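Have a look at the structure below before the remarks.
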Amino acid sequence: MPDVQALVNDFQNKLKKRKIEGSQATARQTAELLRSVISQQRVPYTNQAGALIDAVRAVGEQLIAVNPIELAVGNIVRRVLHIIREEDLSLSTAAIGGLGLSAVSDDEDDDDQDNRPVLSAAAVAAAARSTLRPPSLQTLLEDVPDSAAVPHSSSSGGDSEGKSKSADKSSRTRKLKHDVIEAVNELIQDIATCHEQIAEQAVEHIHHNEVILTLGSSRTVLEFLCAAKEKKRSFRVFVAEGAPRYQGHLLAKELVTRGLQTTLITDSAVFAMISRVNMVIVGAHAVMANGGVIAPVGLNMVALAAQRHAVPFVVLAGSHKLCPLYPHNPEVLLNELRSPSELLDFGEFSDCMDFGSDNASPLLHVVNPTFDYVPPKLVSLFITDTGGHNPSYMYRLIADYYSADDLVVQRRPTGN
């Protein structure tokens, strides 16, 4: 089995060199890497969830630092941390329930089993929280086999009880890791099928003879539109080309190949064409906790045009793109600048970018941002793999996927 650190280094190299295209592929490979980390992580008898959380957090911190703009990496790290906490809580609740049942069976007859006392939610929560704390002296003492703590009349009886406790601890360790890995496998499956889950909802939103506008290229949007076409919906698609990378050209070609009526327009023509549009459907790079969208550059202009003409602005995003952070959080890097060569030819503009002057400052500066930020007030509807949601509901949806303790993926500094 490959060494975990070697896998981490290889994945960091891919992130740094931008060898992974798209948030879906990035999210899936991040989840697969963290699954390997969990699988090979050795956990102690006590505070098992804490050990897994520390291991995942340590790797996650490295991955996020390599490419902070790829928010899908941080999202998956936080999702896995949340999974560990949830599975540990589930096991702790089951263990407490088992203790309650055994106590009842010792004190009551079989006829009274239906009247067993139920543990309070406070007791369950307190026990679950204690599993994530460092072990106390009392806990360590309690983990010592009975044969060492209290003398017994029969040494063989003490040995058997100690072996039983050790077996129970080993079983719970394997159970926690097994449950966490199974949950991560389900997460990977959800990421892989998110396009299909979103596309299944297309027929509910696209109707006959409508005109749909989109910008750039998005596989989610492509599958969404093609799913409506397969349901015998007849409609036309306007595709803004998405300069300067012109990803819209690729989407337009693919739509025509799939048999959709397509019109390619320039980005600057959006305002001129928006009055003929029934709905704007776009993809997203990330959806923030406030319902704001980090999207390909140019989409804020499209959203403003849609608002001006009262055209619904619909955003398609898989659950791996839902980010628990807000745009103002210092951990969030909203944009990155791409090469100026996408905008102009250096040969033709070399005289404008001469550094040989006395002040050593060129007269021409080229700024080529990758993303736009679309505020939630410009978004009409989010469609995720779990259904359609209003922007005001996104914070509740995001809260189901993440724990408040994991919003900042940073290991706590140790004392001097």
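Just so we're on the same page: first chain in the structure tokens is A, next is B, and so on; residues restart at 1 for each chain, and ligands are numbered from 1 in the order they show up.
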
Q.
Can you tell me which residues surround Gly74 in chain A at a distance of at most 9 Å, considering only C-alpha atoms, apart from same-chain residues fewer than 6 positions away, and format the answer as an NGL selection string?
A. :A and (27 or 60-61 or 63-64 or 68 or 323 or 409)

Q: Determine which residues of range 222-388 of chain A DSSP labels as alpha helix (DSSP H) from the backbone of this structure, then write them out as a PyMOL selection string.
A: chain A and resi 222-230+247-257+270-273+299-308

Write a file of the selected residues as a CSV table (one decimal), in the first residue's frame, keeping N, CA, C and O atoms.
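And here is the file that came out, result.csv:
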```
chain,number,residue,atom,x,y,z
A,222,LEU,N,-24.5,21.7,-19.0
A,222,LEU,CA,-24.6,20.9,-20.2
A,222,LEU,C,-25.5,19.7,-20.0
A,222,LEU,O,-26.5,19.4,-20.8
A,223,GLU,N,-25.3,18.9,-18.9
A,223,GLU,CA,-26.1,17.8,-18.6
A,223,GLU,C,-27.6,18.2,-18.3
A,223,GLU,O,-28.5,17.5,-18.6
A,224,PHE,N,-27.7,19.3,-17.6
A,224,PHE,CA,-29.0,19.8,-17.3
A,224,PHE,C,-29.9,20.2,-18.5
A,224,PHE,O,-31.0,19.7,-18.7
A,225,LEU,N,-29.2,20.9,-19.5
A,225,LEU,CA,-29.9,21.2,-20.7
A,225,LEU,C,-30.2,20.0,-21.6
A,225,LEU,O,-31.3,19.9,-22.1
A,226,CYS,N,-29.3,19.1,-21.6
A,226,CYS,CA,-29.5,17.9,-22.4
A,226,CYS,C,-30.6,17.0,-21.8
A,226,CYS,O,-31.3,16.3,-22.6
A,227,ALA,N,-30.7,17.0,-20.5
A,227,ALA,CA,-31.7,16.2,-19.9
A,227,ALA,C,-33.1,16.7,-20.2
A,227,ALA,O,-34.0,15.9,-20.5
A,228,ALA,N,-33.2,18.0,-20.3
A,228,ALA,CA,-34.5,18.6,-20.7
A,228,ALA,C,-34.8,18.3,-22.2
A,228,ALA,O,-36.0,18.0,-22.6
A,229,LYS,N,-33.8,18.2,-23.0
A,229,LYS,CA,-33.9,17.9,-24.4
A,229,LYS,C,-34.4,16.4,-24.6
A,229,LYS,O,-35.3,16.1,-25.4
A,230,GLU,N,-33.9,15.5,-23.7
A,230,GLU,CA,-34.2,14.1,-23.8
A,230,GLU,C,-35.7,13.9,-23.3
A,230,GLU,O,-36.3,12.9,-23.7
A,247,GLN,N,-14.7,29.7,-23.2
A,247,GLN,CA,-15.2,28.3,-22.9
A,247,GLN,C,-16.6,28.1,-23.5
A,247,GLN,O,-17.0,27.0,-23.7
A,248,GLY,N,-17.3,29.3,-23.8
A,248,GLY,CA,-18.6,29.2,-24.4
A,248,GLY,C,-18.6,28.5,-25.7
A,248,GLY,O,-19.6,27.9,-26.2
A,249,HIS,N,-17.5,28.6,-26.5
A,249,HIS,CA,-17.4,28.0,-27.8
A,249,HIS,C,-17.5,26.5,-27.6
A,249,HIS,O,-18.1,25.8,-28.4
A,250,LEU,N,-16.8,26.0,-26.6
A,250,LEU,CA,-16.8,24.5,-26.4
A,250,LEU,C,-18.2,24.1,-26.0
A,250,LEU,O,-18.7,23.0,-26.5
A,251,LEU,N,-18.9,24.8,-25.2
A,251,LEU,CA,-20.3,24.5,-24.8
A,251,LEU,C,-21.2,24.5,-26.0
A,251,LEU,O,-22.0,23.6,-26.2
A,252,ALA,N,-21.1,25.6,-26.8
A,252,ALA,CA,-22.0,25.7,-27.9
A,252,ALA,C,-21.8,24.5,-28.9
A,252,ALA,O,-22.8,24.0,-29.4
A,253,LYS,N,-20.6,24.1,-29.1
A,253,LYS,CA,-20.3,23.0,-30.0
A,253,LYS,C,-20.9,21.7,-29.5
A,253,LYS,O,-21.5,20.9,-30.2
A,254,GLU,N,-20.8,21.5,-28.2
A,254,GLU,CA,-21.3,20.3,-27.5
A,254,GLU,C,-22.8,20.3,-27.6
A,254,GLU,O,-23.5,19.2,-27.8
A,255,LEU,N,-23.5,21.4,-27.4
A,255,LEU,CA,-24.9,21.5,-27.4
A,255,LEU,C,-25.4,21.2,-28.8
A,255,LEU,O,-26.4,20.5,-29.0
A,256,VAL,N,-24.8,21.7,-29.8
A,256,VAL,CA,-25.2,21.5,-31.2
A,256,VAL,C,-25.0,20.0,-31.5
A,256,VAL,O,-25.8,19.3,-32.2
A,257,THR,N,-23.9,19.4,-31.0
A,257,THR,CA,-23.7,17.9,-31.2
A,257,THR,C,-24.8,17.1,-30.6
A,257,THR,O,-25.2,16.1,-31.2
A,270,VAL,N,-24.9,40.6,-24.0
A,270,VAL,CA,-25.9,40.0,-23.1
A,270,VAL,C,-27.0,41.0,-22.8
A,270,VAL,O,-28.2,40.6,-22.8
A,271,PHE,N,-26.7,42.2,-22.5
A,271,PHE,CA,-27.8,43.2,-22.2
A,271,PHE,C,-28.7,43.4,-23.4
A,271,PHE,O,-29.9,43.6,-23.3
A,272,ALA,N,-28.2,43.3,-24.6
A,272,ALA,CA,-29.0,43.5,-25.8
A,272,ALA,C,-29.9,42.3,-26.1
A,272,ALA,O,-31.0,42.4,-26.6
A,273,MET,N,-29.5,41.1,-25.6
A,273,MET,CA,-30.3,39.9,-25.9
A,273,MET,C,-31.2,39.4,-24.7
A,273,MET,O,-32.0,38.6,-24.8
A,299,LEU,N,-20.2,36.7,-15.0
A,299,LEU,CA,-21.5,36.3,-14.6
A,299,LEU,C,-22.2,37.4,-13.7
A,299,LEU,O,-23.4,37.4,-13.7
A,300,ASN,N,-21.4,38.2,-13.0
A,300,ASN,CA,-22.1,39.3,-12.3
A,300,ASN,C,-22.8,40.2,-13.2
A,300,ASN,O,-23.9,40.7,-13.0
A,301,MET,N,-22.2,40.5,-14.4
A,301,MET,CA,-22.8,41.3,-15.4
A,301,MET,C,-24.1,40.7,-15.9
A,301,MET,O,-25.1,41.3,-16.1
A,302,VAL,N,-24.1,39.4,-16.1
A,302,VAL,CA,-25.3,38.6,-16.6
A,302,VAL,C,-26.3,38.7,-15.5
A,302,VAL,O,-27.5,38.9,-15.8
A,303,ALA,N,-26.0,38.6,-14.2
A,303,ALA,CA,-26.9,38.6,-13.2
A,303,ALA,C,-27.6,40.0,-13.1
A,303,ALA,O,-28.8,40.1,-12.8
A,304,LEU,N,-26.8,41.0,-13.2
A,304,LEU,CA,-27.4,42.4,-13.2
A,304,LEU,C,-28.3,42.6,-14.4
A,304,LEU,O,-29.4,43.2,-14.2
A,305,ALA,N,-28.0,42.1,-15.5
A,305,ALA,CA,-28.9,42.2,-16.7
A,305,ALA,C,-30.2,41.4,-16.4
A,305,ALA,O,-31.3,41.9,-16.8
A,306,ALA,N,-30.1,40.3,-15.8
A,306,ALA,CA,-31.3,39.5,-15.6
A,306,ALA,C,-32.2,40.2,-14.5
A,306,ALA,O,-33.4,40.2,-14.7
A,307,GLN,N,-31.6,40.8,-13.5
A,307,GLN,CA,-32.4,41.5,-12.5
A,307,GLN,C,-33.1,42.7,-13.2
A,307,GLN,O,-34.2,43.0,-12.9
A,308,ARG,N,-32.4,43.4,-14.0
A,308,ARG,CA,-32.9,44.6,-14.7
A,308,ARG,C,-34.2,44.2,-15.5
A,308,ARG,O,-35.1,45.0,-15.5
```

Can you tell me which residues surround Thr193 in chain A at a distance of at most 12 Å, considering only C-alpha atoms, apart from same-chain residues fewer than 4 positions away, and format the answer as a PDB file with all heavy atoms, in the first residue's frame?
```
ATOM      1  N   GLN A  24     -15.471  19.154  -9.446  1.00  0.00           N
ATOM      2  CA  GLN A  24     -15.924  17.799  -9.168  1.00  0.00           C
ATOM      3  C   GLN A  24     -14.750  16.834  -9.062  1.00  0.00           C
ATOM      4  O   GLN A  24     -14.661  16.042  -8.117  1.00  0.00           O
ATOM      5  CB  GLN A  24     -16.895  17.316 -10.237  1.00  0.00           C
ATOM      6  CG  GLN A  24     -17.494  15.953  -9.904  1.00  0.00           C
ATOM      7  CD  GLN A  24     -18.134  15.269 -11.094  1.00  0.00           C
ATOM      8  OE1 GLN A  24     -17.712  15.476 -12.234  1.00  0.00           O
ATOM      9  NE2 GLN A  24     -19.153  14.473 -10.849  1.00  0.00           N
ATOM     10  N   ALA A  25     -13.838  16.881 -10.022  1.00  0.00           N
ATOM     11  CA  ALA A  25     -12.669  16.001  -9.989  1.00  0.00           C
ATOM     12  C   ALA A  25     -11.799  16.302  -8.778  1.00  0.00           C
ATOM     13  O   ALA A  25     -11.278  15.384  -8.126  1.00  0.00           O
ATOM     14  CB  ALA A  25     -11.860  16.159 -11.279  1.00  0.00           C
ATOM     15  N   ARG A  28     -13.606  14.881  -5.659  1.00  0.00           N
ATOM     16  CA  ARG A  28     -13.557  13.414  -5.611  1.00  0.00           C
ATOM     17  C   ARG A  28     -12.174  12.921  -5.211  1.00  0.00           C
ATOM     18  O   ARG A  28     -12.053  12.036  -4.349  1.00  0.00           O
ATOM     19  CB  ARG A  28     -13.952  12.846  -6.973  1.00  0.00           C
ATOM     20  CG  ARG A  28     -13.892  11.324  -7.041  1.00  0.00           C
ATOM     21  CD  ARG A  28     -14.341  10.817  -8.400  1.00  0.00           C
ATOM     22  NE  ARG A  28     -13.588  11.428  -9.483  1.00  0.00           N
ATOM     23  CZ  ARG A  28     -12.360  11.051  -9.856  1.00  0.00           C
ATOM     24  NH1 ARG A  28     -11.761  10.061  -9.219  1.00  0.00           N
ATOM     25  NH2 ARG A  28     -11.755  11.656 -10.858  1.00  0.00           N
ATOM     26  N   GLU A 186     -19.745   6.857   0.470  1.00  0.00           N
ATOM     27  CA  GLU A 186     -21.030   7.421   0.046  1.00  0.00           C
ATOM     28  C   GLU A 186     -20.853   8.859  -0.448  1.00  0.00           C
ATOM     29  O   GLU A 186     -21.487   9.272  -1.427  1.00  0.00           O
ATOM     30  CB  GLU A 186     -22.019   7.379   1.200  1.00  0.00           C
ATOM     31  CG  GLU A 186     -22.439   5.972   1.607  1.00  0.00           C
ATOM     32  CD  GLU A 186     -23.385   5.978   2.790  1.00  0.00           C
ATOM     33  OE1 GLU A 186     -23.789   7.085   3.223  1.00  0.00           O
ATOM     34  OE2 GLU A 186     -23.713   4.887   3.290  1.00  0.00           O
ATOM     35  N   LEU A 187     -19.980   9.612   0.228  1.00  0.00           N
ATOM     36  CA  LEU A 187     -19.692  10.980  -0.210  1.00  0.00           C
ATOM     37  C   LEU A 187     -19.078  10.977  -1.610  1.00  0.00           C
ATOM     38  O   LEU A 187     -19.455  11.785  -2.471  1.00  0.00           O
ATOM     39  CB  LEU A 187     -18.753  11.655   0.788  1.00  0.00           C
ATOM     40  CG  LEU A 187     -18.209  13.036   0.402  1.00  0.00           C
ATOM     41  CD1 LEU A 187     -19.337  14.038   0.215  1.00  0.00           C
ATOM     42  CD2 LEU A 187     -17.207  13.528   1.455  1.00  0.00           C
ATOM     43  N   ILE A 188     -18.135  10.073  -1.844  1.00  0.00           N
ATOM     44  CA  ILE A 188     -17.504   9.981  -3.161  1.00  0.00           C
ATOM     45  C   ILE A 188     -18.540   9.629  -4.229  1.00  0.00           C
ATOM     46  O   ILE A 188     -18.528  10.179  -5.336  1.00  0.00           O
ATOM     47  CB  ILE A 188     -16.372   8.937  -3.127  1.00  0.00           C
ATOM     48  CG1 ILE A 188     -15.239   9.413  -2.208  1.00  0.00           C
ATOM     49  CG2 ILE A 188     -15.828   8.669  -4.528  1.00  0.00           C
ATOM     50  CD1 ILE A 188     -14.161   8.367  -1.960  1.00  0.00           C
ATOM     51  N   GLN A 189     -19.449   8.732  -3.892  1.00  0.00           N
ATOM     52  CA  GLN A 189     -20.500   8.364  -4.831  1.00  0.00           C
ATOM     53  C   GLN A 189     -21.421   9.546  -5.120  1.00  0.00           C
ATOM     54  O   GLN A 189     -21.835   9.759  -6.271  1.00  0.00           O
ATOM     55  CB  GLN A 189     -21.296   7.185  -4.264  1.00  0.00           C
ATOM     56  CG  GLN A 189     -22.409   6.687  -5.176  1.00  0.00           C
ATOM     57  CD  GLN A 189     -21.886   6.095  -6.476  1.00  0.00           C
ATOM     58  OE1 GLN A 189     -20.723   5.689  -6.561  1.00  0.00           O
ATOM     59  NE2 GLN A 189     -22.746   6.033  -7.486  1.00  0.00           N
ATOM     60  N   GLN A 197     -27.987  13.789 -10.678  1.00  0.00           N
ATOM     61  CA  GLN A 197     -29.019  14.176  -9.716  1.00  0.00           C
ATOM     62  C   GLN A 197     -29.604  15.552 -10.041  1.00  0.00           C
ATOM     63  O   GLN A 197     -30.815  15.772  -9.919  1.00  0.00           O
ATOM     64  CB  GLN A 197     -28.435  14.177  -8.292  1.00  0.00           C
ATOM     65  CG  GLN A 197     -27.947  12.823  -7.814  1.00  0.00           C
ATOM     66  CD  GLN A 197     -29.084  11.835  -7.630  1.00  0.00           C
ATOM     67  OE1 GLN A 197     -30.204  12.224  -7.306  1.00  0.00           O
ATOM     68  NE2 GLN A 197     -28.802  10.564  -7.841  1.00  0.00           N
ATOM     69  N   ILE A 198     -28.744  16.473 -10.445  1.00  0.00           N
ATOM     70  CA  ILE A 198     -29.213  17.813 -10.803  1.00  0.00           C
ATOM     71  C   ILE A 198     -29.978  17.773 -12.127  1.00  0.00           C
ATOM     72  O   ILE A 198     -31.028  18.414 -12.281  1.00  0.00           O
ATOM     73  CB  ILE A 198     -28.022  18.789 -10.880  1.00  0.00           C
ATOM     74  CG1 ILE A 198     -27.394  18.975  -9.492  1.00  0.00           C
ATOM     75  CG2 ILE A 198     -28.452  20.136 -11.448  1.00  0.00           C
ATOM     76  CD1 ILE A 198     -26.131  19.802  -9.489  1.00  0.00           C
ATOM     77  N   ALA A 199     -29.466  16.991 -13.079  1.00  0.00           N
ATOM     78  CA  ALA A 199     -30.096  16.932 -14.409  1.00  0.00           C
ATOM     79  C   ALA A 199     -31.506  16.355 -14.346  1.00  0.00           C
ATOM     80  O   ALA A 199     -32.361  16.706 -15.168  1.00  0.00           O
ATOM     81  CB  ALA A 199     -29.226  16.100 -15.353  1.00  0.00           C
ATOM     82  N   GLU A 200     -31.773  15.486 -13.384  1.00  0.00           N
ATOM     83  CA  GLU A 200     -33.106  14.895 -13.258  1.00  0.00           C
ATOM     84  C   GLU A 200     -34.187  15.947 -12.992  1.00  0.00           C
ATOM     85  O   GLU A 200     -35.367  15.705 -13.230  1.00  0.00           O
ATOM     86  CB  GLU A 200     -33.115  13.851 -12.147  1.00  0.00           C
ATOM     87  CG  GLU A 200     -32.356  12.573 -12.496  1.00  0.00           C
ATOM     88  CD  GLU A 200     -32.347  11.581 -11.355  1.00  0.00           C
ATOM     89  OE1 GLU A 200     -32.889  11.930 -10.269  1.00  0.00           O
ATOM     90  OE2 GLU A 200     -31.813  10.478 -11.523  1.00  0.00           O
ATOM     91  N   THR A 220     -22.196  20.701 -15.593  1.00  0.00           N
ATOM     92  CA  THR A 220     -23.487  20.614 -14.914  1.00  0.00           C
ATOM     93  C   THR A 220     -24.582  21.235 -15.772  1.00  0.00           C
ATOM     94  O   THR A 220     -25.674  20.677 -15.912  1.00  0.00           O
ATOM     95  CB  THR A 220     -23.410  21.316 -13.556  1.00  0.00           C
ATOM     96  OG1 THR A 220     -22.270  20.853 -12.825  1.00  0.00           O
ATOM     97  CG2 THR A 220     -24.658  21.049 -12.732  1.00  0.00           C
ATOM     98  N   GLU A 223     -25.300  18.950 -18.913  1.00  0.00           N
ATOM     99  CA  GLU A 223     -26.138  17.782 -18.617  1.00  0.00           C
ATOM    100  C   GLU A 223     -27.564  18.198 -18.278  1.00  0.00           C
ATOM    101  O   GLU A 223     -28.524  17.487 -18.611  1.00  0.00           O
ATOM    102  CB  GLU A 223     -25.527  16.982 -17.461  1.00  0.00           C
ATOM    103  CG  GLU A 223     -24.138  16.416 -17.747  1.00  0.00           C
ATOM    104  CD  GLU A 223     -24.137  15.429 -18.890  1.00  0.00           C
ATOM    105  OE1 GLU A 223     -25.194  14.828 -19.173  1.00  0.00           O
ATOM    106  OE2 GLU A 223     -23.076  15.257 -19.529  1.00  0.00           O
ATOM    107  N   GLY A 318     -23.390  21.333  -7.315  1.00  0.00           N
ATOM    108  CA  GLY A 318     -23.392  20.123  -6.506  1.00  0.00           C
ATOM    109  C   GLY A 318     -23.116  20.453  -5.052  1.00  0.00           C
ATOM    110  O   GLY A 318     -22.569  21.521  -4.723  1.00  0.00           O
ATOM    111  N   SER A 319     -23.467  19.544  -4.160  1.00  0.00           N
ATOM    112  CA  SER A 319     -23.299  19.809  -2.723  1.00  0.00           C
ATOM    113  C   SER A 319     -21.838  19.972  -2.339  1.00  0.00           C
ATOM    114  O   SER A 319     -21.541  20.597  -1.312  1.00  0.00           O
ATOM    115  CB  SER A 319     -23.939  18.674  -1.912  1.00  0.00           C
ATOM    116  OG  SER A 319     -23.356  17.426  -2.246  1.00  0.00           O
ATOM    117  N   HIS A 320     -20.904  19.441  -3.136  1.00  0.00           N
ATOM    118  CA  HIS A 320     -19.481  19.620  -2.813  1.00  0.00           C
ATOM    119  C   HIS A 320     -19.014  21.051  -3.056  1.00  0.00           C
ATOM    120  O   HIS A 320     -17.901  21.410  -2.648  1.00  0.00           O
ATOM    121  CB  HIS A 320     -18.621  18.655  -3.645  1.00  0.00           C
ATOM    122  CG  HIS A 320     -18.756  18.846  -5.123  1.00  0.00           C
ATOM    123  ND1 HIS A 320     -19.780  18.300  -5.860  1.00  0.00           N
ATOM    124  CD2 HIS A 320     -17.997  19.535  -6.011  1.00  0.00           C
ATOM    125  CE1 HIS A 320     -19.635  18.620  -7.126  1.00  0.00           C
ATOM    126  NE2 HIS A 320     -18.567  19.386  -7.248  1.00  0.00           N
ATOM    127  N   THR A 384     -29.466  22.099  -6.462  1.00  0.00           N
ATOM    128  CA  THR A 384     -28.391  21.200  -6.061  1.00  0.00           C
ATOM    129  C   THR A 384     -28.848  19.764  -6.255  1.00  0.00           C
ATOM    130  O   THR A 384     -29.973  19.501  -6.692  1.00  0.00           O
ATOM    131  CB  THR A 384     -27.997  21.431  -4.592  1.00  0.00           C
ATOM    132  OG1 THR A 384     -29.032  20.921  -3.743  1.00  0.00           O
ATOM    133  CG2 THR A 384     -27.807  22.925  -4.309  1.00  0.00           C
ATOM    134  N   ASP A 385     -27.983  18.816  -5.908  1.00  0.00           N
ATOM    135  CA  ASP A 385     -28.355  17.415  -6.033  1.00  0.00           C
ATOM    136  C   ASP A 385     -29.396  17.004  -4.997  1.00  0.00           C
ATOM    137  O   ASP A 385     -29.893  15.872  -5.043  1.00  0.00           O
ATOM    138  CB  ASP A 385     -27.122  16.509  -5.939  1.00  0.00           C
ATOM    139  CG  ASP A 385     -26.110  17.005  -4.932  1.00  0.00           C
ATOM    140  OD1 ASP A 385     -26.157  18.182  -4.575  1.00  0.00           O
ATOM    141  OD2 ASP A 385     -25.266  16.209  -4.495  1.00  0.00           O
ATOM    142  N   THR A 386     -29.739  17.895  -4.070  1.00  0.00           N
ATOM    143  CA  THR A 386     -30.791  17.608  -3.090  1.00  0.00           C
ATOM    144  C   THR A 386     -32.086  18.336  -3.412  1.00  0.00           C
ATOM    145  O   THR A 386     -33.053  18.219  -2.657  1.00  0.00           O
ATOM    146  CB  THR A 386     -30.338  17.997  -1.679  1.00  0.00           C
ATOM    147  OG1 THR A 386     -30.051  19.403  -1.631  1.00  0.00           O
ATOM    148  CG2 THR A 386     -29.085  17.222  -1.284  1.00  0.00           C
TER     149      THR A 386
END
```
